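protein-v7.txt follows; it contains compact mmCIF, C-alpha atoms (C1' of nucleotides).
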```
# COMPACT_ATOMS: atom_id res chain seq x y z
CA MET A 465 -7.55 -11.75 -3.61
CA PRO A 466 -7.38 -8.52 -5.58
CA ARG A 467 -4.55 -8.01 -8.02
CA PRO A 468 -1.74 -5.59 -7.13
CA ASP A 469 -2.35 -2.01 -8.26
CA LEU A 470 -1.27 -1.38 -11.81
CA ALA A 471 0.73 1.68 -10.92
CA ALA A 472 2.43 -0.19 -8.09
CA MET A 473 3.80 -2.63 -10.65
CA LEU A 474 4.49 -0.22 -13.49
CA GLY A 475 6.30 2.32 -11.35
CA PRO A 476 9.10 0.11 -10.03
CA LEU A 477 9.34 -1.72 -13.36
CA GLY A 478 9.83 1.55 -15.20
CA ARG A 479 12.42 2.70 -12.69
CA ARG A 480 14.30 -0.57 -13.06
CA LEU A 481 14.39 -0.32 -16.84
CA LEU A 482 15.51 3.28 -16.59
CA ALA A 483 18.34 2.18 -14.32
CA LEU A 484 19.41 -0.31 -16.99
CA GLU A 485 19.47 2.43 -19.61
CA ARG A 486 21.38 4.98 -17.59
CA PRO A 487 24.85 3.38 -18.04
CA ILE A 488 24.26 3.02 -21.78
CA LEU A 489 23.29 6.67 -22.14
CA ALA A 490 26.22 7.73 -19.98
CA ALA A 491 28.64 5.69 -22.08
CA HIS A 492 27.49 7.62 -25.12
CA GLY A 493 27.58 10.94 -23.31
CA VAL A 494 23.93 11.75 -23.78
CA SER A 495 21.29 12.53 -21.18
CA MET A 496 17.93 10.82 -20.96
CA TRP A 497 16.12 13.91 -22.20
CA GLY A 498 18.75 14.33 -24.89
CA TYR A 499 18.00 10.82 -26.08
CA ALA A 500 14.28 11.53 -25.99
CA VAL A 501 14.86 14.54 -28.22
CA LEU A 502 16.95 12.54 -30.69
CA LEU A 503 14.20 9.92 -30.85
CA ARG A 504 11.58 12.54 -31.52
CA LEU A 505 13.59 14.29 -34.21
CA ALA A 506 14.54 11.08 -35.98
CA ASP A 507 11.43 11.06 -38.13
CA GLU A 508 11.11 14.69 -39.07
CA PRO A 509 12.31 18.16 -38.10
CA VAL A 510 10.18 19.95 -35.54
CA ARG A 511 9.25 23.58 -35.76
CA ALA A 512 9.24 25.36 -32.41
CA GLN A 513 10.87 24.15 -29.26
CA ALA A 514 7.70 24.42 -27.25
CA ALA A 515 6.04 21.91 -29.58
CA LEU A 516 8.94 19.53 -29.16
CA ALA A 517 8.85 19.88 -25.38
CA GLU A 518 5.15 19.12 -25.25
CA SER A 519 5.42 16.16 -27.56
CA ILE A 520 7.98 14.41 -25.38
CA GLY A 521 6.28 15.36 -22.13
CA ALA A 522 8.90 17.83 -20.99
CA ASP A 523 8.79 21.44 -19.92
CA LYS A 524 9.97 23.98 -22.50
CA THR A 525 12.23 25.69 -20.00
CA ARG A 526 14.05 22.55 -18.96
CA LEU A 527 14.52 21.54 -22.57
CA ILE A 528 16.76 24.49 -23.38
CA PRO A 529 19.97 23.30 -21.68
CA VAL A 530 19.33 19.88 -23.26
CA LEU A 531 19.13 21.43 -26.73
CA ASP A 532 22.23 23.53 -25.99
CA GLU A 533 24.18 20.39 -25.19
CA LEU A 534 22.93 18.45 -28.19
CA GLN A 535 23.74 21.36 -30.47
CA ALA A 536 27.21 21.84 -28.97
CA ALA A 537 27.84 18.13 -29.54
CA GLY A 538 26.77 18.50 -33.16
CA LEU A 539 23.86 16.10 -32.77
CA ILE A 540 21.09 18.52 -33.70
CA GLU A 541 20.74 21.80 -35.56
CA ARG A 542 18.76 24.78 -34.43
CA THR A 543 18.09 27.08 -37.36
CA PRO A 544 15.85 30.16 -37.21
CA ASP A 545 12.65 29.78 -39.17
CA PRO A 546 12.87 32.24 -42.10
CA ALA A 547 9.11 32.71 -42.02
CA ASP A 548 9.05 33.62 -38.34
CA ARG A 549 12.41 34.60 -36.97
CA ARG A 550 11.26 34.09 -33.39
CA ALA A 551 10.93 30.34 -33.92
CA ARG A 552 13.63 27.72 -34.41
CA VAL A 553 13.47 24.67 -36.64
CA LEU A 554 15.03 21.66 -34.93
CA SER A 555 16.56 18.85 -36.95
CA ILE A 556 18.82 15.92 -36.24
CA THR A 557 22.28 15.72 -37.86
CA ALA A 558 23.90 12.65 -39.39
CA ALA A 559 25.99 12.31 -36.25
CA GLY A 560 22.86 12.56 -34.14
CA ARG A 561 21.12 9.91 -36.16
CA SER A 562 24.02 7.51 -35.88
CA LEU A 563 24.31 8.08 -32.13
CA ARG A 564 20.60 7.54 -31.74
CA ASP A 565 20.81 4.25 -33.64
CA ALA A 566 23.76 3.01 -31.60
CA VAL A 567 22.10 3.86 -28.30
CA GLN A 568 18.74 2.42 -29.27
CA THR A 569 20.32 -0.83 -30.42
CA GLU A 570 22.03 -1.29 -27.08
CA ILE A 571 18.99 -0.27 -25.07
CA GLN A 572 16.67 -2.62 -26.86
CA ALA A 573 19.17 -5.47 -26.57
CA GLN A 574 19.19 -4.84 -22.83
CA GLU A 575 15.41 -4.78 -22.76
CA GLU A 576 15.21 -8.02 -24.73
CA ARG A 577 17.34 -9.69 -22.08
CA TYR A 578 14.92 -8.37 -19.50
CA LEU A 579 11.87 -9.58 -21.41
CA ALA A 580 13.44 -13.02 -21.76
CA VAL A 581 11.82 -14.11 -18.47
CA LEU A 582 8.54 -14.20 -20.37
CA PRO A 583 7.64 -17.11 -22.64
CA PRO A 584 7.66 -15.91 -26.28
CA ASP A 585 3.89 -15.75 -26.65
CA GLN A 586 3.46 -13.80 -23.41
CA ARG A 587 6.28 -11.53 -24.47
CA GLU A 588 4.48 -10.67 -27.72
CA ALA A 589 1.15 -10.24 -26.00
CA PHE A 590 2.70 -7.91 -23.46
CA LEU A 591 4.33 -5.71 -26.10
CA THR A 592 1.15 -5.56 -28.16
CA ALA A 593 -0.98 -4.57 -25.19
CA LEU A 594 1.62 -2.09 -24.00
CA ARG A 595 1.71 -0.33 -27.36
CA THR A 596 -2.05 -0.01 -27.26
CA LEU A 597 -2.06 1.35 -23.72
CA ALA A 598 0.86 3.71 -24.35
CA GLY A 599 -0.96 5.19 -27.31
CA PHE A 600 -4.20 5.60 -25.41
CA THR A 601 -4.45 8.96 -23.68
CA GLY A 602 -8.03 8.95 -22.39
CA MET B 458 10.97 -0.93 -38.07
CA PRO B 459 12.16 -1.35 -34.51
CA ARG B 460 9.61 -1.23 -31.72
CA PRO B 461 9.51 1.80 -29.43
CA ASP B 462 11.73 1.54 -26.38
CA LEU B 463 10.09 -0.22 -23.49
CA ALA B 464 10.94 2.50 -21.02
CA ALA B 465 9.62 5.13 -23.41
CA MET B 466 6.21 3.47 -23.24
CA LEU B 467 6.21 2.47 -19.58
CA GLY B 468 7.32 5.85 -18.29
CA PRO B 469 4.47 7.97 -19.66
CA LEU B 470 1.95 5.20 -19.00
CA GLY B 471 3.01 5.03 -15.36
CA ARG B 472 2.83 8.79 -15.03
CA ARG B 473 -0.65 8.82 -16.53
CA LEU B 474 -1.91 6.16 -14.14
CA LEU B 475 -0.36 8.00 -11.23
CA ALA B 476 -2.17 11.14 -12.30
CA LEU B 477 -5.44 9.19 -12.20
CA GLU B 478 -4.71 8.03 -8.67
CA ARG B 479 -3.71 11.37 -7.26
CA PRO B 480 -7.26 12.77 -6.89
CA ILE B 481 -8.43 9.56 -5.23
CA LEU B 482 -5.61 9.64 -2.71
CA ALA B 483 -6.19 13.33 -2.09
CA ALA B 484 -9.89 12.76 -1.49
CA HIS B 485 -8.99 10.30 1.25
CA GLY B 486 -6.32 12.58 2.67
CA VAL B 487 -3.47 10.17 2.21
CA SER B 488 -0.22 10.66 0.32
CA MET B 489 1.12 8.28 -2.29
CA TRP B 490 3.85 7.07 0.02
CA GLY B 491 1.35 6.80 2.82
CA TYR B 492 -0.78 4.53 0.66
CA ALA B 493 2.29 2.49 -0.24
CA VAL B 494 2.97 2.00 3.46
CA LEU B 495 -0.60 0.93 4.16
CA LEU B 496 -0.40 -1.59 1.33
CA ARG B 497 2.84 -2.99 2.64
CA LEU B 498 1.58 -3.28 6.23
CA ALA B 499 -1.71 -4.85 5.23
CA ASP B 500 -0.34 -8.37 5.30
CA GLU B 501 1.83 -8.31 8.39
CA PRO B 502 3.52 -5.94 10.82
CA VAL B 503 7.03 -4.87 9.88
CA ARG B 504 9.88 -4.62 12.34
CA ALA B 505 12.17 -1.69 11.69
CA GLN B 506 11.38 1.33 9.60
CA ALA B 507 14.49 0.92 7.49
CA ALA B 508 13.25 -2.50 6.38
CA LEU B 509 9.88 -1.02 5.46
CA ALA B 510 11.51 1.80 3.54
CA GLU B 511 13.64 -0.57 1.55
CA SER B 512 10.79 -2.94 0.80
CA ILE B 513 8.70 -0.19 -0.81
CA GLY B 514 11.65 1.41 -2.57
CA ALA B 515 11.74 4.54 -0.46
CA ASP B 516 14.45 6.23 1.55
CA LYS B 517 14.29 5.74 5.32
CA THR B 518 14.68 9.46 5.95
CA ARG B 519 11.84 10.51 3.72
CA LEU B 520 9.61 7.86 5.21
CA ILE B 521 9.58 9.43 8.64
CA PRO B 522 7.20 12.34 8.00
CA VAL B 523 4.96 9.86 6.18
CA LEU B 524 4.84 7.58 9.22
CA ASP B 525 4.27 10.59 11.46
CA GLU B 526 1.22 11.56 9.43
CA LEU B 527 -0.18 8.04 9.27
CA GLN B 528 0.27 7.63 13.01
CA ALA B 529 -1.30 11.01 13.78
CA ALA B 530 -4.28 10.00 11.63
CA GLY B 531 -4.56 6.73 13.57
CA LEU B 532 -3.91 4.60 10.51
CA ILE B 533 -0.80 2.85 11.79
CA GLU B 534 0.82 2.10 15.13
CA ARG B 535 4.48 2.53 15.96
CA THR B 536 5.35 0.56 19.07
CA PRO B 537 8.87 0.11 20.42
CA ASP B 538 10.17 -3.43 20.10
CA PRO B 539 10.50 -4.80 23.66
CA ALA B 540 13.49 -6.89 22.58
CA ASP B 541 15.37 -3.90 21.17
CA ARG B 542 14.07 -0.56 22.30
CA ARG B 543 15.82 1.25 19.46
CA ALA B 544 13.58 -0.42 16.89
CA ARG B 545 9.88 0.16 16.20
CA VAL B 546 7.29 -2.40 15.19
CA LEU B 547 4.94 -0.97 12.59
CA SER B 548 1.41 -2.26 12.21
CA ILE B 549 -1.76 -1.12 10.50
CA THR B 550 -4.84 -0.25 12.54
CA ALA B 551 -8.44 -1.18 11.79
CA ALA B 552 -8.99 2.35 10.50
CA GLY B 553 -5.90 2.04 8.33
CA ARG B 554 -7.09 -1.22 6.90
CA SER B 555 -10.49 0.15 6.05
CA LEU B 556 -9.00 3.25 4.44
CA ARG B 557 -6.62 1.11 2.44
CA ASP B 558 -9.51 -1.04 1.20
CA ALA B 559 -11.60 1.97 0.22
CA VAL B 560 -8.74 3.60 -1.66
CA GLN B 561 -7.69 0.42 -3.39
CA THR B 562 -11.22 -0.29 -4.53
CA GLU B 563 -11.49 3.12 -6.15
CA ILE B 564 -8.03 2.98 -7.68
CA GLN B 565 -8.54 -0.40 -9.22
CA ALA B 566 -11.93 0.61 -10.56
CA GLN B 567 -10.21 3.56 -12.22
CA GLU B 568 -7.55 1.26 -13.62
CA GLU B 569 -10.14 -1.16 -14.94
CA ARG B 570 -11.70 1.66 -16.89
CA TYR B 571 -8.28 2.40 -18.30
CA LEU B 572 -7.61 -1.23 -19.21
CA ALA B 573 -10.95 -1.41 -20.96
CA VAL B 574 -9.34 -0.29 -24.23
CA LEU B 575 -7.82 -3.77 -24.40
CA PRO B 576 -9.85 -6.76 -25.54
CA PRO B 577 -10.44 -9.10 -22.57
CA ASP B 578 -7.87 -11.70 -23.60
CA GLN B 579 -5.17 -9.08 -24.20
CA ARG B 580 -6.08 -7.49 -20.91
CA GLU B 581 -5.50 -10.75 -19.04
CA ALA B 582 -2.28 -11.47 -20.94
CA PHE B 583 -0.99 -8.03 -20.13
CA LEU B 584 -1.68 -8.36 -16.41
CA THR B 585 -0.14 -11.81 -16.27
CA ALA B 586 3.03 -10.71 -18.02
CA LEU B 587 3.22 -7.55 -15.96
CA ARG B 588 3.02 -9.48 -12.70
CA THR B 589 5.86 -11.68 -13.87
CA LEU B 590 8.01 -8.73 -14.92
CA ALA B 591 7.25 -6.75 -11.78
CA GLY B 592 8.33 -9.65 -9.63
CA PHE B 593 11.49 -10.23 -11.60
CA THR B 594 14.41 -8.22 -10.26
CA GLY B 595 17.32 -9.54 -12.34
C1' DT C 1473 -0.58 43.18 -27.61
C1' DA C 1474 0.74 38.34 -28.25
C1' DT C 1475 4.16 34.78 -28.91
C1' DT C 1476 9.07 32.36 -29.13
C1' DG C 1477 12.84 31.49 -26.87
C1' DT C 1478 15.46 32.46 -22.86
C1' DT C 1479 16.96 33.45 -18.08
C1' DA C 1480 16.22 33.76 -13.13
C1' DT C 1481 13.85 32.11 -9.37
C1' DA C 1482 11.25 29.14 -6.34
C1' DC C 1483 9.51 24.78 -5.18
C1' DT C 1484 9.29 19.71 -4.66
C1' DC C 1485 11.35 15.52 -4.16
C1' DT C 1486 15.17 12.91 -2.89
C1' DA C 1487 19.62 11.73 -0.89
C1' DT C 1488 23.72 12.74 2.33
C1' DA C 1489 25.51 13.81 6.64
C1' DA C 1490 25.20 14.79 11.44
C1' DC C 1491 22.81 13.82 15.95
C1' DT C 1492 20.32 10.87 19.90
C1' DA C 1493 19.26 6.86 22.14
C1' DT C 1494 19.87 2.48 22.83
C1' DA C 1495 22.79 -1.76 22.35
C1' DT D 739 31.67 0.79 18.58
C1' DA D 740 27.78 -0.01 16.09
C1' DT D 741 22.83 0.39 14.85
C1' DA D 742 17.60 2.42 14.69
C1' DG D 743 15.50 6.30 14.36
C1' DT D 744 15.50 11.18 13.74
C1' DT D 745 16.76 15.87 12.23
C1' DA D 746 19.13 19.26 9.34
C1' DT D 747 21.10 20.18 5.16
C1' DA D 748 22.22 20.02 0.41
C1' DG D 749 21.37 18.42 -4.19
C1' DA D 750 18.76 17.15 -8.45
C1' DG D 751 14.78 17.80 -11.09
C1' DT D 752 10.91 20.46 -12.11
C1' DA D 753 7.76 24.32 -12.62
C1' DT D 754 6.59 29.47 -12.29
C1' DA D 755 7.49 34.11 -13.33
C1' DA D 756 9.90 37.72 -15.54
C1' DC D 757 12.54 39.30 -19.71
C1' DA D 758 14.17 40.29 -24.69
C1' DA D 759 13.24 39.79 -29.52
C1' DT D 760 10.01 39.45 -33.07
C1' DA D 761 5.41 39.44 -34.87
```

Render the structure in this file as C-alpha cells.
Amino acid sequence: MPRPDLAAMLGPLGRRLLALERPILAAHGVSMWGYAVLLRLADEPVRAQAALAESIGADKTRLIPVLDELQAAGLIERTPDPADRRARVLSITAAGRSLRDAVQTEIQAQEERYLAVLPPDQREAFLTALRTLAGFTG
Amino acid sequence: MPRPDLAAMLGPLGRRLLALERPILAAHGVSMWGYAVLLRLADEPVRAQAALAESIGADKTRLIPVLDELQAAGLIERTPDPADRRARVLSITAAGRSLRDAVQTEIQAQEERYLAVLPPDQREAFLTALRTLAGFTG
DNA sequence: TATTGTTATACTCTATAACTATA
DNA sequence: TATAGTTATAGAGTATAACAATA
C-alpha cells in the first residue's frame, strides 16, 4: 500500500504544533508574526522592511502593524537609514532579545515533549532530515 | 546553538509542498478539500457529513460546497441513511476512486522528487518518524 | 520616474449563528 | 427538544491597488 501523502501528514502536524505554541506566545503578549520577526532580527539588523517580510515569508503590508506593535512594546527599533531616508533599519532591543529567548525556551521545551514519542535515534534522524528539507527550496 | 523551532521548519515546508500539489489538483479539476474527502472515503463509506468533516480536520459548514462539487462531478454519492433520513451516507464512486488514484500517483511522484535531496536511509528514517508523529495526537 | 513605507480596499478562507427537516 | 444538514452572515488573515515621501 502506498504511503500517506507527505503534505497530508505535515499539514496537520504543523497545525498541531502551532496550536501548542499559541498559548505560550499569548502568555508573553506577542503574536506569531511578531515572534517570527524577533527570531529573524536576533542575528543581525535588517535594512528595509520589505526584505524582512520576504525573508520570513510574509507580505510587506501585513508586516507593518506587527512592527508597530513590536516597536510600541519596545522590542524592536525602527530607525531611518541615514544613507537613504526612505528605508528603515530594523534591530532588536535588549528587551526583545530577552523575550525572544524566554519564548523560544518554552516553545522548544514543549516541542521536546512532543518529540518524546520517538525513540532517541529516530528523533535525531527526523530533526536532521527536517533541517535539510527545510533549507531546500527547489 | 539551539536548533530552529520545529514549527518554523514544518510550516514553510508544508506550504512549499502544498504549492507543488496545487497545479496537479487544478489539472484534475479537484480542490484540496475535495481531494482530502476522496482520500478519506477511499477505504470505506462514511455515515454523517459532520463525522467526515471532523475526521479530515475541516468544518462541517465549509465541507458542504465541496461535497456538492464532488457529487456534481460524479465522484462521490450522497445517499440518505434509511435508518435515519436526516443523515447521509457518503461513498466514493468508481470515477472518484480512479481520479483519486491518478492524483495521488502524481502527487507522490512530485514528493519523491522533493525527498530526493535526502540520502536513502535518511529519507526512510524521516518518513518513519513522520508517520509516527502524524499519528500521535497527544 | 522608480522605490520605501504606508494606508485603504478587496478577496479568500474559516467559523458562528440561524433555519429546515427529520427524529 | 434535540440532531443532521444546510444557508446566511460575520470574522480573521491575506493580497492588491493606490498614496506620500524620498531618491

Post-fit chain B coords, all in-order Cα pairs vs chain A, as an mmCIF file with C-alpha atoms, in the frame of the given file:
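Below is the file that was written, superposed-v3.cif:
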```cif
data_model
loop_
_atom_site.group_PDB
_atom_site.id
_atom_site.type_symbol
_atom_site.label_atom_id
_atom_site.label_comp_id
_atom_site.auth_asym_id
_atom_site.auth_seq_id
_atom_site.Cartn_x
_atom_site.Cartn_y
_atom_site.Cartn_z
ATOM 1 C CA MET B 458 -7.691 -11.677 -3.686
ATOM 2 C CA PRO B 459 -7.474 -8.434 -5.610
ATOM 3 C CA ARG B 460 -4.613 -7.955 -8.037
ATOM 4 C CA PRO B 461 -1.821 -5.534 -7.155
ATOM 5 C CA ASP B 462 -2.403 -1.977 -8.300
ATOM 6 C CA LEU B 463 -1.305 -1.354 -11.842
ATOM 7 C CA ALA B 464 0.702 1.711 -10.951
ATOM 8 C CA ALA B 465 2.377 -0.168 -8.116
ATOM 9 C CA MET B 466 3.767 -2.620 -10.659
ATOM 10 C CA LEU B 467 4.484 -0.204 -13.495
ATOM 11 C CA GLY B 468 6.290 2.336 -11.348
ATOM 12 C CA PRO B 469 9.081 0.110 -10.022
ATOM 13 C CA LEU B 470 9.344 -1.721 -13.344
ATOM 14 C CA GLY B 471 9.836 1.565 -15.178
ATOM 15 C CA ARG B 472 12.420 2.694 -12.662
ATOM 16 C CA ARG B 473 14.299 -0.577 -13.028
ATOM 17 C CA LEU B 474 14.391 -0.321 -16.809
ATOM 18 C CA LEU B 475 15.527 3.271 -16.568
ATOM 19 C CA ALA B 476 18.342 2.188 -14.290
ATOM 20 C CA LEU B 477 19.429 -0.305 -16.956
ATOM 21 C CA GLU B 478 19.494 2.431 -19.574
ATOM 22 C CA ARG B 479 21.395 4.979 -17.564
ATOM 23 C CA PRO B 480 24.859 3.399 -18.018
ATOM 24 C CA ILE B 481 24.280 3.029 -21.754
ATOM 25 C CA LEU B 482 23.299 6.663 -22.130
ATOM 26 C CA ALA B 483 26.223 7.735 -19.976
ATOM 27 C CA ALA B 484 28.649 5.706 -22.066
ATOM 28 C CA HIS B 485 27.499 7.624 -25.127
ATOM 29 C CA GLY B 486 27.588 10.943 -23.305
ATOM 30 C CA VAL B 487 23.948 11.750 -23.794
ATOM 31 C CA SER B 488 21.311 12.531 -21.184
ATOM 32 C CA MET B 489 17.948 10.824 -20.959
ATOM 33 C CA TRP B 490 16.151 13.905 -22.196
ATOM 34 C CA GLY B 491 18.738 14.320 -24.898
ATOM 35 C CA TYR B 492 18.010 10.799 -26.094
ATOM 36 C CA ALA B 493 14.287 11.520 -25.980
ATOM 37 C CA VAL B 494 14.865 14.527 -28.219
ATOM 38 C CA LEU B 495 16.927 12.520 -30.689
ATOM 39 C CA LEU B 496 14.186 9.901 -30.849
ATOM 40 C CA ARG B 497 11.551 12.518 -31.470
ATOM 41 C CA LEU B 498 13.557 14.283 -34.195
ATOM 42 C CA ALA B 499 14.492 11.072 -35.957
ATOM 43 C CA ASP B 500 11.379 11.045 -38.098
ATOM 44 C CA GLU B 501 11.045 14.685 -39.049
ATOM 45 C CA PRO B 502 12.239 18.154 -38.091
ATOM 46 C CA VAL B 503 10.131 19.948 -35.505
ATOM 47 C CA ARG B 504 9.213 23.602 -35.710
ATOM 48 C CA ALA B 505 9.213 25.339 -32.359
ATOM 49 C CA GLN B 506 10.873 24.116 -29.219
ATOM 50 C CA ALA B 507 7.693 24.408 -27.195
ATOM 51 C CA ALA B 508 6.018 21.909 -29.522
ATOM 52 C CA LEU B 509 8.935 19.517 -29.113
ATOM 53 C CA ALA B 510 8.858 19.881 -25.350
ATOM 54 C CA GLU B 511 5.182 19.126 -25.190
ATOM 55 C CA SER B 512 5.406 16.162 -27.527
ATOM 56 C CA ILE B 513 7.974 14.404 -25.328
ATOM 57 C CA GLY B 514 6.283 15.387 -22.082
ATOM 58 C CA ALA B 515 8.940 17.822 -20.955
ATOM 59 C CA ASP B 516 8.851 21.442 -19.892
ATOM 60 C CA LYS B 517 10.036 23.974 -22.473
ATOM 61 C CA THR B 518 12.311 25.669 -19.954
ATOM 62 C CA ARG B 519 14.114 22.535 -18.920
ATOM 63 C CA LEU B 520 14.554 21.526 -22.526
ATOM 64 C CA ILE B 521 16.807 24.438 -23.348
ATOM 65 C CA PRO B 522 20.030 23.253 -21.691
ATOM 66 C CA VAL B 523 19.372 19.857 -23.277
ATOM 67 C CA LEU B 524 19.149 21.403 -26.743
ATOM 68 C CA ASP B 525 22.236 23.488 -26.016
ATOM 69 C CA GLU B 526 24.208 20.348 -25.230
ATOM 70 C CA LEU B 527 22.929 18.418 -28.233
ATOM 71 C CA GLN B 528 23.731 21.332 -30.519
ATOM 72 C CA ALA B 529 27.202 21.811 -29.034
ATOM 73 C CA ALA B 530 27.850 18.101 -29.613
ATOM 74 C CA GLY B 531 26.719 18.478 -33.235
ATOM 75 C CA LEU B 532 23.825 16.076 -32.815
ATOM 76 C CA ILE B 533 21.052 18.497 -33.723
ATOM 77 C CA GLU B 534 20.686 21.759 -35.610
ATOM 78 C CA ARG B 535 18.723 24.774 -34.457
ATOM 79 C CA THR B 536 18.034 27.075 -37.380
ATOM 80 C CA PRO B 537 15.811 30.149 -37.224
ATOM 81 C CA ASP B 538 12.592 29.787 -39.181
ATOM 82 C CA PRO B 539 12.814 32.239 -42.114
ATOM 83 C CA ALA B 540 9.049 32.764 -41.962
ATOM 84 C CA ASP B 541 9.092 33.703 -38.277
ATOM 85 C CA ARG B 542 12.483 34.605 -36.931
ATOM 86 C CA ARG B 543 11.358 34.101 -33.342
ATOM 87 C CA ALA B 544 10.929 30.371 -33.901
ATOM 88 C CA ARG B 545 13.599 27.702 -34.404
ATOM 89 C CA VAL B 546 13.430 24.659 -36.639
ATOM 90 C CA LEU B 547 14.995 21.662 -34.937
ATOM 91 C CA SER B 548 16.497 18.830 -36.935
ATOM 92 C CA ILE B 549 18.775 15.894 -36.251
ATOM 93 C CA THR B 550 22.194 15.692 -37.885
ATOM 94 C CA ALA B 551 23.834 12.640 -39.431
ATOM 95 C CA ALA B 552 25.938 12.289 -36.288
ATOM 96 C CA GLY B 553 22.812 12.552 -34.164
ATOM 97 C CA ARG B 554 21.085 9.891 -36.171
ATOM 98 C CA SER B 555 23.980 7.503 -35.893
ATOM 99 C CA LEU B 556 24.287 8.081 -32.153
ATOM 100 C CA ARG B 557 20.577 7.537 -31.728
ATOM 101 C CA ASP B 558 20.786 4.246 -33.636
ATOM 102 C CA ALA B 559 23.747 3.020 -31.607
ATOM 103 C CA VAL B 560 22.093 3.866 -28.303
ATOM 104 C CA GLN B 561 18.755 2.411 -29.276
ATOM 105 C CA THR B 562 20.340 -0.824 -30.410
ATOM 106 C CA GLU B 563 22.055 -1.274 -27.067
ATOM 107 C CA ILE B 564 19.013 -0.266 -25.051
ATOM 108 C CA GLN B 565 16.700 -2.612 -26.840
ATOM 109 C CA ALA B 566 19.185 -5.449 -26.543
ATOM 110 C CA GLN B 567 19.222 -4.804 -22.802
ATOM 111 C CA GLU B 568 15.438 -4.775 -22.739
ATOM 112 C CA GLU B 569 15.242 -8.008 -24.692
ATOM 113 C CA ARG B 570 17.363 -9.665 -22.056
ATOM 114 C CA TYR B 571 14.940 -8.359 -19.476
ATOM 115 C CA LEU B 572 11.885 -9.572 -21.387
ATOM 116 C CA ALA B 573 13.445 -12.994 -21.714
ATOM 117 C CA VAL B 574 11.830 -14.084 -18.436
ATOM 118 C CA LEU B 575 8.551 -14.182 -20.356
ATOM 119 C CA PRO B 576 7.680 -17.084 -22.632
ATOM 120 C CA PRO B 577 7.719 -15.899 -26.271
ATOM 121 C CA ASP B 578 3.946 -15.735 -26.673
ATOM 122 C CA GLN B 579 3.487 -13.788 -23.431
ATOM 123 C CA ARG B 580 6.310 -11.524 -24.474
ATOM 124 C CA GLU B 581 4.565 -10.657 -27.740
ATOM 125 C CA ALA B 582 1.193 -10.224 -26.025
ATOM 126 C CA PHE B 583 2.736 -7.908 -23.494
ATOM 127 C CA LEU B 584 4.369 -5.701 -26.118
ATOM 128 C CA THR B 585 1.209 -5.552 -28.187
ATOM 129 C CA ALA B 586 -0.942 -4.556 -25.237
ATOM 130 C CA LEU B 587 1.646 -2.088 -24.023
ATOM 131 C CA ARG B 588 1.777 -0.337 -27.386
ATOM 132 C CA THR B 589 -1.986 -0.001 -27.317
ATOM 133 C CA LEU B 590 -2.023 1.361 -23.771
ATOM 134 C CA ALA B 591 0.883 3.712 -24.386
ATOM 135 C CA GLY B 592 -0.881 5.193 -27.368
ATOM 136 C CA PHE B 593 -4.151 5.575 -25.532
ATOM 137 C CA THR B 594 -4.431 8.920 -23.774
ATOM 138 C CA GLY B 595 -8.028 8.867 -22.509
#
```

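Around stretch 501-518 of chain A, within 6 Å and counting all atoms listed in the file, the residues found are Gly498, Gly521, Ala522, Asp523, Lys524, Ala551, Arg552, Val553, Leu554, Ser555 and Ile556 of chain A, once anything fewer than 3 positions away on its own chain is removed.
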
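Interface residues on chain C toward chain A (cut-off 10 Å, all atoms listed in the file): DT1475, DT1476, DG1477, DT1478 and DT1479 of chain C.
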
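Put simply, atom CA of B:Ala559 is 17.1 Å away from atom CA of B:Leu475.
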
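Taking atom C1' of C:DT1484 and atom CA of B:Ala493 as endpoints, the distance between them is 19.1 Å.
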
Around the point (19.7, 16.8, -10.6) (coordinates from the file), which residues reach within 12 Å if we count all atoms listed in the file? Answer as a PDB file with C-alpha atoms (C1' of nucleotides), in the frame of the given file.
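Produced file result.pdb, reproduced below:
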```
ATOM      1  CA  SER A 495      21.290  12.530 -21.180  1.00  0.00           C
ATOM      2  CA  ARG A 526      14.050  22.550 -18.960  1.00  0.00           C
TER       3      ARG A 526
ATOM      4  C1'  DC C1485      11.350  15.520  -4.160  1.00  0.00           C
ATOM      5  C1'  DT C1486      15.170  12.910  -2.890  1.00  0.00           C
ATOM      6  C1'  DA C1487      19.620  11.730  -0.890  1.00  0.00           C
TER       7       DA C1487
ATOM      8  C1'  DA D 748      22.220  20.020   0.410  1.00  0.00           C
ATOM      9  C1'  DG D 749      21.370  18.420  -4.190  1.00  0.00           C
ATOM     10  C1'  DA D 750      18.760  17.150  -8.450  1.00  0.00           C
ATOM     11  C1'  DG D 751      14.780  17.800 -11.090  1.00  0.00           C
ATOM     12  C1'  DT D 752      10.910  20.460 -12.110  1.00  0.00           C
TER      13       DT D 752
END
```

- [ ] With a distance threshold of 9 Å and counting all atoms listed in the file, extract the residues of chain B near chain A and express them as a PyMOL selection string.
- [x] chain B and resi 459-475+478+493+514+561+564-565+568+571-572+574-575+579-580+582-595

TODO: Output the contact residues of chain D with respect to chain A at a cut-off of 12 Å, based on only C-alpha atoms (C1' of nucleotides), as a ChimeraX atom specification.
DONE: /D:751-755,758-761

Task: Distance in Å - atom C1' of D:DA742 versus atom CA of B:Gly531 - done: 22.6 Å

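Each of B:Val487, B:Ala551, B:Leu482, B:Ala566 was compared to B:Leu527 using all atoms listed in the file, and B:Val487 turns out to be the nearest.
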
Open item on the list: At a cut-off of 10 Å, using all atoms listed in the file, what residues contact C:DA1490? Leave out same-chain residues fewer than 5 positions from it and give the result as number ranges by chain.
Closed with: D: 745-747

Open item on the list: My list of candidates is A:Val567, A:Ala559, A:Met496, A:Ala491. Which is closest to A:Ala537 when distances are computed with all atoms listed in the file?
Closed with: A:Ala559
